[in-house]
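Novice: Supplied structure: final01.pdb, PDB, C-alpha atoms.
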MODEL        1
ATOM      1  CA  MET A   1     -65.718 -14.757  -7.376
ATOM      2  CA  ALA A   2     -66.139 -14.650  -3.595
ATOM      3  CA  PHE A   3     -62.356 -14.602  -3.195
ATOM      4  CA  LYS A   4     -62.129 -11.662  -5.615
ATOM      5  CA  GLU A   5     -64.760  -9.809  -3.584
ATOM      6  CA  LEU A   6     -62.735 -10.335  -0.400
ATOM      7  CA  TYR A   7     -59.433  -9.453  -2.087
ATOM      8  CA  PRO A   8     -60.122  -7.011  -4.947
ATOM      9  CA  ASP A   9     -56.415  -6.673  -5.800
ATOM     10  CA  SER A  10     -56.107 -10.401  -6.464
ATOM     11  CA  PHE A  11     -56.181 -12.253  -9.771
ATOM     12  CA  TRP A  12     -57.661 -15.708 -10.329
ATOM     13  CA  ALA A  13     -58.269 -18.145 -13.166
ATOM     14  CA  VAL A  14     -59.711 -21.644 -13.463
ATOM     15  CA  GLU A  15     -59.096 -24.566 -15.826
ATOM     16  CA  ILE A  16     -55.736 -23.275 -17.083
ATOM     17  CA  PRO A  17     -54.728 -25.406 -20.086
ATOM     18  CA  PHE A  18     -51.140 -26.312 -20.829
ATOM     19  CA  GLU A  19     -49.441 -28.453 -23.416
ATOM     20  CA  ASN A  20     -48.704 -32.082 -22.669
ATOM     21  CA  THR A  21     -45.288 -32.613 -24.255
ATOM     22  CA  SER A  22     -45.882 -36.333 -24.801
ATOM     23  CA  THR A  23     -48.999 -35.737 -26.912
ATOM     24  CA  SER A  24     -48.528 -32.097 -28.013
ATOM     25  CA  SER A  25     -52.102 -31.435 -27.022
ATOM     26  CA  HIS A  26     -53.655 -29.217 -24.388
ATOM     27  CA  SER A  27     -55.166 -32.191 -22.556
ATOM     28  CA  ASN A  28     -53.614 -31.098 -19.268
ATOM     29  CA  HIS A  29     -55.044 -28.345 -17.133
ATOM     30  CA  LEU A  30     -54.594 -26.812 -13.716
ATOM     31  CA  ASP A  31     -57.821 -26.565 -11.712
ATOM     32  CA  ALA A  32     -57.209 -22.982 -10.551
ATOM     33  CA  LEU A  33     -54.713 -20.330  -9.671
ATOM     34  CA  ILE A  34     -54.877 -17.331  -7.384
ATOM     35  CA  TYR A  35     -52.403 -14.467  -7.307
ATOM     36  CA  ILE A  36     -52.351 -12.146  -4.312
ATOM     37  CA  ASP A  37     -49.697 -10.042  -2.601
ATOM     38  CA  GLY A  38     -46.798 -11.428  -4.650
ATOM     39  CA  THR A  39     -47.732 -15.092  -4.198
ATOM     40  CA  LEU A  40     -49.083 -17.286  -6.978
ATOM     41  CA  TYR A  41     -51.057 -20.283  -5.682
ATOM     42  CA  LEU A  42     -51.407 -23.229  -8.098
ATOM     43  CA  ILE A  43     -54.416 -25.273  -6.999
ATOM     44  CA  GLU A  44     -55.485 -28.845  -7.749
ATOM     45  CA  ALA A  45     -58.574 -30.457  -6.214
ATOM     46  CA  LYS A  46     -59.902 -34.016  -6.015
ATOM     47  CA  ARG A  47     -63.141 -35.594  -4.973
ATOM     48  CA  ASP A  48     -63.424 -38.689  -2.789
ATOM     49  CA  TYR A  49     -61.976 -41.948  -4.133
ATOM     50  CA  ALA A  50     -60.805 -45.221  -2.603
ATOM     51  CA  THR A  51     -57.584 -44.501  -0.722
ATOM     52  CA  GLN A  52     -54.995 -45.900  -3.142
ATOM     53  CA  GLU A  53     -56.687 -44.240  -6.116
ATOM     54  CA  GLN A  54     -57.060 -40.982  -4.169
ATOM     55  CA  LEU A  55     -53.334 -40.971  -3.329
ATOM     56  CA  ASP A  56     -52.363 -41.819  -6.926
ATOM     57  CA  LEU A  57     -54.521 -38.992  -8.302
ATOM     58  CA  ILE A  58     -53.224 -36.481  -5.768
ATOM     59  CA  ARG A  59     -49.649 -37.499  -6.590
ATOM     60  CA  LYS A  60     -50.360 -36.825 -10.282
ATOM     61  CA  ASP A  61     -51.841 -33.450  -9.308
ATOM     62  CA  LEU A  62     -48.654 -32.543  -7.451
ATOM     63  CA  THR A  63     -46.553 -33.567 -10.467
ATOM     64  CA  ARG A  64     -48.780 -31.382 -12.665
ATOM     65  CA  ILE A  65     -48.397 -28.415 -10.293
ATOM     66  CA  LYS A  66     -44.602 -28.745 -10.426
ATOM     67  CA  SER A  67     -44.349 -29.287 -14.203
ATOM     68  CA  ALA A  68     -42.248 -27.035 -16.413
ATOM     69  CA  GLU A  69     -45.009 -27.177 -19.046
ATOM     70  CA  LEU A  70     -47.496 -25.580 -16.659
ATOM     71  CA  ALA A  71     -44.979 -22.906 -15.630
ATOM     72  CA  LYS A  72     -44.331 -22.068 -19.303
ATOM     73  CA  ALA A  73     -48.076 -21.827 -19.995
ATOM     74  CA  ILE A  74     -48.551 -19.468 -17.043
ATOM     75  CA  ARG A  75     -45.581 -17.367 -18.185
ATOM     76  CA  ASP A  76     -47.042 -17.112 -21.703
ATOM     77  CA  MET A  77     -50.556 -16.422 -20.403
ATOM     78  CA  TRP A  78     -49.326 -13.722 -18.036
ATOM     79  CA  LYS A  79     -47.452 -11.900 -20.823
ATOM     80  CA  ARG A  80     -50.756 -11.047 -22.495
ATOM     81  CA  ASP A  81     -51.848  -7.425 -22.168
ATOM     82  CA  VAL A  82     -55.230  -8.373 -20.695
ATOM     83  CA  TYR A  83     -53.620  -9.193 -17.344
ATOM     84  CA  ASP A  84     -52.731  -6.290 -15.085
ATOM     85  CA  ASN A  85     -50.324  -8.057 -12.695
ATOM     86  CA  PRO A  86     -46.758  -7.917 -14.056
ATOM     87  CA  LEU A  87     -44.587 -10.985 -13.652
ATOM     88  CA  GLY A  88     -41.989  -9.019 -11.730
ATOM     89  CA  GLU A  89     -44.397  -8.900  -8.810
ATOM     90  CA  VAL A  90     -44.516 -12.711  -8.397
ATOM     91  CA  ASN A  91     -42.194 -13.447  -5.482
ATOM     92  CA  GLU A  92     -43.349 -16.937  -4.554
ATOM     93  CA  VAL A  93     -45.176 -19.871  -6.137
ATOM     94  CA  ILE A  94     -46.996 -22.284  -3.824
ATOM     95  CA  GLY A  95     -48.740 -25.502  -4.874
ATOM     96  CA  VAL A  96     -52.015 -26.235  -3.085
ATOM     97  CA  LEU A  97     -53.667 -29.663  -2.954
ATOM     98  CA  LEU A  98     -57.294 -30.057  -1.891
ATOM     99  CA  ALA A  99     -59.252 -33.285  -1.590
ATOM    100  CA  ASP A 100     -62.500 -34.188   0.066
ATOM    101  CA  THR A 101     -63.323 -37.534   1.602
ATOM    102  CA  TRP A 102     -65.836 -39.462   3.638
ATOM    103  CA  GLN A 103     -63.370 -42.292   4.261
ATOM    104  CA  ASN A 104     -61.413 -42.755   7.455
ATOM    105  CA  SER A 105     -58.614 -44.574   5.568
ATOM    106  CA  ASN A 106     -58.058 -41.432   3.449
ATOM    107  CA  ARG A 107     -57.937 -39.278   6.565
ATOM    108  CA  LYS A 108     -55.434 -41.619   8.247
ATOM    109  CA  ALA A 109     -53.163 -41.870   5.176
ATOM    110  CA  TRP A 110     -53.171 -38.079   4.799
ATOM    111  CA  GLU A 111     -52.371 -37.497   8.456
ATOM    112  CA  SER A 112     -49.699 -40.181   8.814
ATOM    113  CA  GLY A 113     -48.133 -39.944   5.352
ATOM    114  CA  SER A 114     -48.324 -43.721   5.074
ATOM    115  CA  TYR A 115     -50.769 -46.197   3.532
ATOM    116  CA  LYS A 116     -50.699 -49.974   4.111
ATOM    117  CA  GLY A 117     -47.206 -49.634   5.545
ATOM    118  CA  GLU A 118     -45.908 -47.752   2.497
ATOM    119  CA  PRO A 119     -44.567 -44.253   3.176
ATOM    120  CA  GLN A 120     -46.045 -41.538   0.987
ATOM    121  CA  ASP A 121     -42.885 -39.417   1.102
ATOM    122  CA  TRP A 122     -44.049 -37.319  -1.838
ATOM    123  CA  LEU A 123     -46.855 -35.754   0.228
ATOM    124  CA  PRO A 124     -46.050 -32.164   1.229
ATOM    125  CA  ALA A 125     -45.069 -31.828   4.873
ATOM    126  CA  HIS A 126     -47.527 -28.946   5.250
ATOM    127  CA  ARG A 127     -50.872 -30.709   5.374
ATOM    128  CA  ALA A 128     -53.990 -30.753   7.512
ATOM    129  CA  LYS A 129     -57.443 -32.276   7.603
ATOM    130  CA  ILE A 130     -60.542 -30.304   8.456
ATOM    131  CA  GLY A 131     -63.763 -32.021   9.508
ATOM    132  CA  LEU A 132     -66.668 -30.179   7.918
ATOM    133  CA  GLY A 133     -69.287 -31.313  10.448
ATOM    134  CA  ILE A 134     -71.298 -33.314   7.905
ATOM    135  CA  TYR A 135     -71.781 -37.055   8.299
ATOM    136  CA  ALA A 136     -73.066 -39.652   5.853
ATOM    137  CA  GLN A 137     -76.021 -41.643   7.123
ATOM    138  CA  GLY A 138     -74.713 -44.108   9.719
ATOM    139  CA  SER A 139     -71.112 -42.935   9.382
ATOM    140  CA  LYS A 140     -68.889 -41.953  12.281
ATOM    141  CA  THR A 141     -66.361 -40.333   9.938
ATOM    142  CA  PRO A 142     -67.132 -36.704   9.087
ATOM    143  CA  TYR A 143     -66.921 -35.337   5.599
ATOM    144  CA  THR A 144     -63.359 -33.998   5.608
ATOM    145  CA  LEU A 145     -61.327 -31.564   3.564
ATOM    146  CA  LEU A 146     -57.706 -32.616   3.113
ATOM    147  CA  VAL A 147     -55.409 -29.631   2.509
ATOM    148  CA  ALA A 148     -51.688 -29.409   1.741
ATOM    149  CA  HIS A 149     -49.277 -26.873   0.344
ATOM    150  CA  THR A 150     -45.744 -26.988  -0.971
ATOM    151  CA  ASP A 151     -42.812 -24.813  -0.087
ATOM    152  CA  ASN A 152     -41.917 -22.133  -2.633
ATOM    153  CA  LEU A 153     -41.593 -23.775  -6.065
ATOM    154  CA  THR A 154     -38.426 -21.934  -7.066
ATOM    155  CA  LYS A 155     -37.967 -23.754 -10.412
ATOM    156  CA  THR A 156     -41.516 -22.829 -11.377
ATOM    157  CA  LEU A 157     -40.938 -19.234 -10.273
ATOM    158  CA  ASP A 158     -37.774 -19.030 -12.401
ATOM    159  CA  ILE A 159     -39.610 -20.326 -15.476
ATOM    160  CA  ILE A 160     -42.532 -17.937 -14.968
ATOM    161  CA  ARG A 161     -40.141 -15.014 -14.586
ATOM    162  CA  GLY A 162     -38.159 -16.135 -17.640
ATOM    163  CA  ASN A 163     -34.966 -16.660 -15.624
ATOM    164  CA  SER A 164     -34.461 -20.353 -16.349
ATOM    165  CA  GLY A 165     -33.355 -20.346 -19.967
ATOM    166  CA  GLU A 166     -36.655 -22.051 -20.888
TER
ENDMDL
END
Output the structure of this file as C-alpha cells.

Specialist:
Amino acid sequence: MAFKELYPDSFWAVEIPFENTSTSSHSNHLDALIYIDGTLYLIEAKRDYATQEQLDLIRKDLTRIKSAELAKAIRDMWKRDVYDNPLGEVNEVIGVLLADTWQNSNRKAWESGSYKGEPQDWLPAHRAKIGLGIYAQGSKTPYTLLVAHTDNLTKTLDIIRGNSGE
C-alpha cells in the first residue's frame, strides 16, 4: 500500500496463484508483483534459513519466477476487465529475489556466488546485500537484506503478451 501511495499509477498484487502442471492444483504462488512504467516486477521473498537450505529455496523461487505457468496465469489474470493496465504496455519483465539473514555464511555465499567451493551459477549477476543496522544479541553480523534481480525475462514477456503460441 505504501508503494501505491508513492506511485499512484502503479499496480500491485500479492500471493498470485498459478497452476502447478505436475499436480493440476493451484499450490504454487508468486509472493508479489508490481507493475510501473512499463515494467512488471515478479517478486519472491525468503526468510533466514541455514545457508544450503536458503540457497535451495531461493533457487526454487527463481525457477518459479521464470515458469511458463506463472506467465500464463498473469496473462489470464491481466485480461480481466477489473485491471486497468493493458498488456500492451508491459515492455519488460524483471524477476526480483529478496531474502533476509542474520548469518554471515549466507551473506558470503550471496556476495561470492559460491558456497563450500560450489559455484552458484544460477544466482542473478545483479545482486547486493544491505546491512539493516540491527544486530542479534552478541552477534557481529548485522541483519541483512539480500537483493537480486534478473535481466528482462523475454520468454515470460512473450507469454504474457500472447506472442509465444502458448

Novice: For the provided coordinates, the residues matched by the PyMOL selection byres ((chain A and resi 28-31) around 6) should be stated as an MDAnalysis selection string.

Specialist: chainID A and resid 14:18 26:27 32 43:44

Novice: Quick one: which residues end up in the PyMOL selection byres ((chain A and resi 46) around 6) for this structure, as a VMD selection string?

Specialist: chain A and resid 45 47 99

Novice: Do you know which residues the PyMOL selection byres ((chain A and resi 162) around 12) returns on this file, as a list of chain:residue names?

Specialist: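 Matching residues under the PyMOL selection byres ((chain A and resi 162) around 12) are A:Ala68, A:Ala71, A:Lys72, A:Ala73, A:Ile74, A:Arg75, A:Asp76, A:Trp78, A:Lys79, A:Leu87, A:Gly88, A:Val90, A:Lys155, A:Thr156, A:Leu157, A:Asp158, A:Ile159, A:Ile160, A:Arg161, A:Asn163, A:Ser164, A:Gly165, A:Glu166.
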
Novice: Could you list, as a PyMOL selection string, every residue within 9 Å of Asn91 of chain A, counting all atoms listed in the file and ignoring same-chain residues fewer than 6 positions away?

Specialist: chain A and resi 37-40+157

Novice: Hey, which of A:Val96, A:Ala50, A:Ala136, A:Ile36 ends up closest to Arg64 of chain A? Count all atoms listed in the file.

Specialist: A:Val96

Novice: Which residue out of A:Lys108, A:Asp100, A:Ala13, A:Trp122 has the minimum interatomic distance to Asp56 of chain A when all atoms listed in the file are used?

Specialist: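 Using all atoms listed in the file, the shortest distance to Asp56 of chain A belongs to A:Trp122.
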
Novice: Report, in Å with one decimal, the straight-line distance from atom CA of Leu123 of chain A to atom CA of Glu19 of chain A.

Specialist: 24.9 Å

Novice: By how many Å are atom CA of Leu132 of chain A and atom CA of Glu118 of chain A apart?

Specialist: 27.7 Å

Novice: Just to confirm, what's the straight-line distance from atom CA of Lys129 of chain A to atom CA of Glu5 of chain A in Å (one decimal)?

Specialist: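 Pair atom CA of Lys129 of chain A / atom CA of Glu5 of chain A returns 26.1 Å.
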
Novice: Which residue gives the smallest distance to Leu62 of chain A among A:Pro119, A:Gly138, A:Gly113, A:Pro124, with only C-alpha atoms counted?

Specialist: A:Pro124
